[in-house]
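Source file: my_file.tsv; contents: TSV, C-alpha atoms and all ligand atoms.
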chain	number	residue	atom	x	y	z
Y	211	MET	CA	-29.34	34.87	-1.24
Y	212	ARG	CA	-29.84	37.73	1.19
Y	213	LEU	CA	-28.07	37.78	4.57
Y	214	ARG	CA	-27.85	40.39	7.30
Y	215	PRO	CA	-24.30	41.03	8.59
Y	216	HIS	CA	-24.37	38.97	11.78
Y	217	HIS	CA	-25.74	35.98	9.90
Y	218	LEU	CA	-22.32	35.74	8.25
Y	219	LEU	CA	-21.27	34.50	11.69
Y	220	CYS	CA	-24.31	32.36	12.51
Y	221	THR	CA	-24.23	30.48	9.21
Y	222	GLN	CA	-20.64	29.44	9.88
Y	223	SER	CA	-21.14	28.19	13.41
Y	224	TYR	CA	-24.66	26.79	13.12
Y	225	SER	CA	-24.69	23.22	14.37
Y	226	GLY	CA	-28.27	22.12	13.85
Y	227	LYS	CA	-30.10	24.00	16.59
Y	228	GLY	CA	-32.82	26.58	15.97
Y	229	TYR	CA	-36.05	28.18	17.08
Y	230	ASP	CA	-38.47	25.69	15.53
Y	231	GLU	CA	-38.75	23.05	12.85
Y	232	ALA	CA	-39.35	25.44	9.96
Y	233	PHE	CA	-36.39	27.59	10.99
Y	234	VAL	CA	-34.07	24.59	11.28
Y	235	ARG	CA	-35.19	23.16	7.95
Y	236	ASN	CA	-34.48	26.47	6.19
Y	237	MET	CA	-31.21	26.94	8.04
Y	238	ASN	CA	-30.15	23.42	7.04
Y	239	GLN	CA	-30.84	24.14	3.37
Y	240	ILE	CA	-29.05	27.47	3.41
Y	241	THR	CA	-25.97	26.31	5.32
Y	242	GLN	CA	-25.70	23.22	3.17
Y	243	LYS	CA	-25.41	25.46	0.12
Y	244	LEU	CA	-23.06	27.94	1.80
Y	245	ARG	CA	-20.76	25.17	3.02
Y	246	GLY	CA	-20.58	23.49	-0.35
Y	247	PRO	CA	-17.74	23.75	-2.87
Y	248	GLU	CA	-19.40	26.31	-5.18
Y	249	PRO	CA	-18.84	30.04	-4.51
Y	250	VAL	CA	-22.13	31.56	-3.39
Y	251	PRO	CA	-22.95	35.25	-3.98
Y	252	VAL	CA	-24.69	36.76	-0.96
Y	253	GLU	CA	-26.36	40.15	-0.91
Y	254	ILE	CA	-25.78	41.81	2.46
Y	255	VAL	CA	-28.87	43.66	3.72
Y	256	PHE	CA	-29.15	45.75	6.85
Y	257	SER	CA	-32.60	44.32	7.47
Y	258	THR	CA	-34.42	41.02	7.80
Y	259	ASP	CA	-33.10	38.36	5.40
Y	260	ASP	CA	-33.61	34.83	4.06
Y	261	LEU	CA	-33.03	33.29	7.50
Y	262	CYS	CA	-35.41	35.69	9.22
Y	263	ALA	CA	-38.07	34.83	6.60
Y	264	HIS	CA	-38.58	31.42	8.27
Y	265	CYS	CA	-38.04	32.53	11.85
Y	266	PRO	CA	-40.86	32.72	14.41
Y	267	ASN	CA	-39.25	35.87	15.82
Y	268	MET	CA	-39.70	37.90	12.65
Y	269	LEU	CA	-42.55	40.31	13.31
Y	270	GLY	CA	-42.33	42.17	10.00
Y	271	GLU	CA	-39.99	43.71	7.45
Y	272	ASN	CA	-36.89	44.84	9.33
Y	273	LEU	CA	-38.51	43.91	12.63
Y	274	CYS	CA	-37.27	41.09	14.85
Y	275	ARG	CA	-38.76	40.36	18.28
Y	276	ASP	CA	-35.23	41.08	19.61
Y	277	ASN	CA	-34.60	44.01	17.31
Y	278	ASP	CA	-32.27	45.98	19.58
Y	279	LYS	CA	-30.12	42.93	20.18
Y	280	VAL	CA	-29.86	41.79	16.57
Y	281	LEU	CA	-29.24	45.31	15.27
Y	282	HIS	CA	-26.35	45.48	17.72
Y	283	TYR	CA	-24.91	42.21	16.36
Y	284	ASP	CA	-25.28	43.54	12.81
Y	285	LYS	CA	-23.71	46.86	13.62
Y	286	MET	CA	-20.72	45.32	15.37
Y	287	THR	CA	-20.14	42.72	12.65
Y	288	ALA	CA	-20.36	45.33	9.89
Y	289	ARG	CA	-18.11	47.75	11.75
Y	290	TYR	CA	-15.34	45.31	12.64
Y	291	PHE	CA	-15.20	43.64	9.24
Y	292	ASN	CA	-16.04	46.65	7.03
Y	293	ILE	CA	-19.14	45.01	5.65
Y	294	GLU	CA	-21.36	47.09	3.41
Y	295	GLU	CA	-24.76	46.59	1.83
Y	296	LYS	CA	-23.52	44.94	-1.35
Y	297	THR	CA	-22.91	41.51	-2.80
Y	298	TYR	CA	-19.99	39.38	-1.61
Y	299	ILE	CA	-18.87	35.85	-2.32
Y	300	TYR	CA	-19.76	34.03	0.88
Y	301	GLN	CA	-16.62	31.90	1.01
Y	302	GLU	CA	-14.38	34.96	0.58
Y	303	ILE	CA	-16.02	37.24	3.12
Y	304	THR	CA	-16.32	34.50	5.73
Y	305	GLU	CA	-12.65	33.61	5.30
Y	306	LYS	CA	-11.80	37.25	5.92
Y	307	ILE	CA	-13.98	37.22	9.04
Y	308	ARG	CA	-12.30	34.10	10.41
Y	309	GLU	CA	-8.86	35.60	9.79
Y	310	GLY	CA	-9.75	38.70	11.79
Y	311	MET	CA	-11.80	37.11	14.55
Y	312	THR	CA	-10.47	36.75	18.09
Y	313	PRO	CA	-12.17	35.29	21.16
Y	314	GLY	CA	-12.41	38.78	22.66
Y	315	LEU	CA	-14.00	40.26	19.57
Y	316	LEU	CA	-16.44	37.40	19.27
Y	317	GLU	CA	-17.41	37.88	22.89
Y	318	GLU	CA	-17.96	41.57	22.26
Y	319	ILE	CA	-20.18	40.98	19.24
Y	320	CYS	CA	-22.15	37.94	20.37
Y	321	ARG	CA	-22.42	38.35	24.15
Y	322	GLY	CA	-26.11	38.06	24.99
Y	323	CYS	CA	-27.02	35.71	22.16
Y	324	GLU	CA	-28.74	32.56	23.40
Y	325	TRP	CA	-26.94	30.46	20.77
Y	326	TYR	CA	-23.44	31.67	21.61
Y	327	PRO	CA	-22.89	29.18	24.46
Y	328	VAL	CA	-24.54	26.24	22.66
Y	329	SER	CA	-23.37	26.50	19.05
Y	330	ALA	CA	-19.91	26.01	17.56
Y	331	CYS	CA	-19.15	29.77	17.44
Y	332	LYS	CA	-15.80	29.84	19.22
Y	333	ARG	CA	-14.52	26.66	17.62
Y	334	VAL	CA	-15.44	27.66	14.09
Y	335	LEU	CA	-14.96	31.41	14.11
Y	336	CYS	CA	-11.78	31.70	16.16
Y	337	GLN	CA	-9.76	28.85	14.69
Y	338	GLY	CA	-10.08	29.74	11.04
Y	339	VAL	CA	-11.59	26.44	9.99
Y	340	GLN	CA	-14.71	26.57	7.88
Y	341	SER	CA	-17.34	24.07	8.89
Y	342	THR	CA	-18.31	21.69	6.12
Y	343	GLU	CA	-20.81	19.82	8.27
Y	344	PRO	CA	-23.99	19.48	6.22
Y	345	CYS	CA	-26.75	20.14	8.72
Y	346	THR	CA	-29.38	17.94	7.14
Y	347	PRO	CA	-32.89	17.97	8.61
Y	348	LEU	CA	-33.23	15.31	11.27
Y	349	ILE	CA	-36.03	16.86	13.29
Y	350	GLN	CA	-38.46	14.48	14.94
Y	351	ASP	CA	-41.95	15.72	15.82
Y	352	ASP	CA	-41.63	14.75	19.48
Y	353	LYS	CA	-38.55	16.95	19.80
Y	354	THR	CA	-40.43	20.09	18.85
Y	355	SER	CA	-43.21	19.87	21.40
Y	356	ASP	CA	-41.74	21.06	24.66
Y	357	SER	CA	-38.93	23.42	23.84
Y	358	SER	CA	-38.40	26.72	22.12
Y	359	LEU	CA	-34.91	25.56	21.22
Y	360	ILE	CA	-34.93	22.79	18.67
Y	361	GLU	CA	-31.96	20.52	18.31
Y	362	ASN	CA	-31.33	17.87	15.71
Y	363	ASP	CA	-28.89	15.03	15.98
Y	364	LEU	CA	-25.82	16.66	14.45
F	401	LIG	S1	-34.03	35.94	15.75
F	401	LIG	FE1	-34.43	37.85	14.57
F	401	LIG	S2	-32.47	38.23	13.47
F	401	LIG	FE2	-32.43	36.10	14.14
F	401	LIG	S3	-33.25	34.93	12.38
F	401	LIG	FE3	-34.98	35.38	13.77
F	401	LIG	S4	-35.90	37.27	12.96
F	401	LIG	FE4	-33.82	37.10	12.06
Represent the structure from my file as structure tokens, please.
Ligand code: SF4
Amino acid sequence: MRLRPHHLLCTQSYSGKGYDEAFVRNMNQITQKLRGPEPVPVEIVFSTDDLCAHCPNMLGENLCRDNDKVLHYDKMTARYFNIEEKTYIYQEITEKIREGMTPGLLEEICRGCEWYPVSACKRVLCQGVQSTEPCTPLIQDDKTSDSSLIENDL
């Protein structure tokens, strides 16, 4: 699995909300695997990744609609937690992130992200408790019609 640095944060605090149905379905599958009992190797890439691949904001290889913003999140996450472009065990690197995370640092990295106020970021990332909530797909068609932010029932 390929993840960009700041998605090491998003995959921990994701609580079932996303950009559209395809994004949420993919995010549910990925987080279910990452939050399971088996160690998962993740290849860190400083580019678009397996979450971006199903995101409506991905405009091309290494190009997000909010590129400046997401590159900033990546840069800050990589800098503060010494993350390099190599393979890590997800459970190990995310534990290290939770140990080092503080509310102030999280604010510095994630300020400006639309999901920061609505997801479980502070609760999960600043209290050292890994979420084991399996975000299974519960999207209903009528929920996708009038909003750019999709929310399931979890
Ligand atoms: S918003 Fe950008 S960085 Fe985030 S998943 Fe979509 S394409 Fe990737």
Task: Site check for ligand LIG 401 (chain F): residues at most 10 Å away, only C-alpha atoms and all ligand atoms, as an MDAnalysis selection string - done: chainID Y and resid 213:217 220 228:229 233 237 257:281 283:284 323:324
Open item on the list: For a quick check of understanding, using all atoms listed in the file, which of Y:Pro313, Y:Gly226, Y:Pro247, Y:Gly322 has the smallest distance to Y:Leu335?
Closed with: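 Counting all atoms listed in the file, the residue closest to Y:Leu335 is Y:Pro313.
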Task: Atom-to-atom span, atom CA of Y:Ala330 and atom CA of Y:Ile299, Å - done: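 Here the two named atoms are 22.2 Å from each other.
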Open item on the list: Please determine, counting all atoms listed in the file, which residue among Y:Ser329, Y:Gln239, Y:Thr287, Y:Thr221 has the shortest atom-to-atom distance to Y:Ile307.
Closed with: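 Residue with the minimum atom-to-atom distance to Y:Ile307: Y:Thr287.
You will find atom CA of Y:Cys336 at 13.8 Å from atom CA of Y:Leu218.
Taking atom CA of Y:Leu219 and atom CA of Y:Glu231 as endpoints, the distance between them is 20.9 Å.
Closest approach to Y:Glu253 among Y:Ser225, Y:Arg235, Y:Lys285, Y:Arg212: Y:Arg212, based on only C-alpha atoms.
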Open item on the list: Counting all atoms listed in the file, find residues at most 12 Å from (-14.9, 42.6, 20.8) (file frame) and give them as a PyMOL selection string.
Closed with: chain Y and resi 283+286-287+289-291+310-321
Save out the residues we just selected, C-alpha atoms, as a CSV table (one decimal), in the frame of the given file.
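Below is the file that was written, result_21.csv:
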chain,number,residue,atom,x,y,z
Y,283,TYR,CA,-24.9,42.2,16.4
Y,286,MET,CA,-20.7,45.3,15.4
Y,287,THR,CA,-20.1,42.7,12.6
Y,289,ARG,CA,-18.1,47.8,11.8
Y,290,TYR,CA,-15.3,45.3,12.6
Y,291,PHE,CA,-15.2,43.6,9.2
Y,310,GLY,CA,-9.8,38.7,11.8
Y,311,MET,CA,-11.8,37.1,14.6
Y,312,THR,CA,-10.5,36.8,18.1
Y,313,PRO,CA,-12.2,35.3,21.2
Y,314,GLY,CA,-12.4,38.8,22.7
Y,315,LEU,CA,-14.0,40.3,19.6
Y,316,LEU,CA,-16.4,37.4,19.3
Y,317,GLU,CA,-17.4,37.9,22.9
Y,318,GLU,CA,-18.0,41.6,22.3
Y,319,ILE,CA,-20.2,41.0,19.2
Y,320,CYS,CA,-22.2,37.9,20.4
Y,321,ARG,CA,-22.4,38.4,24.2
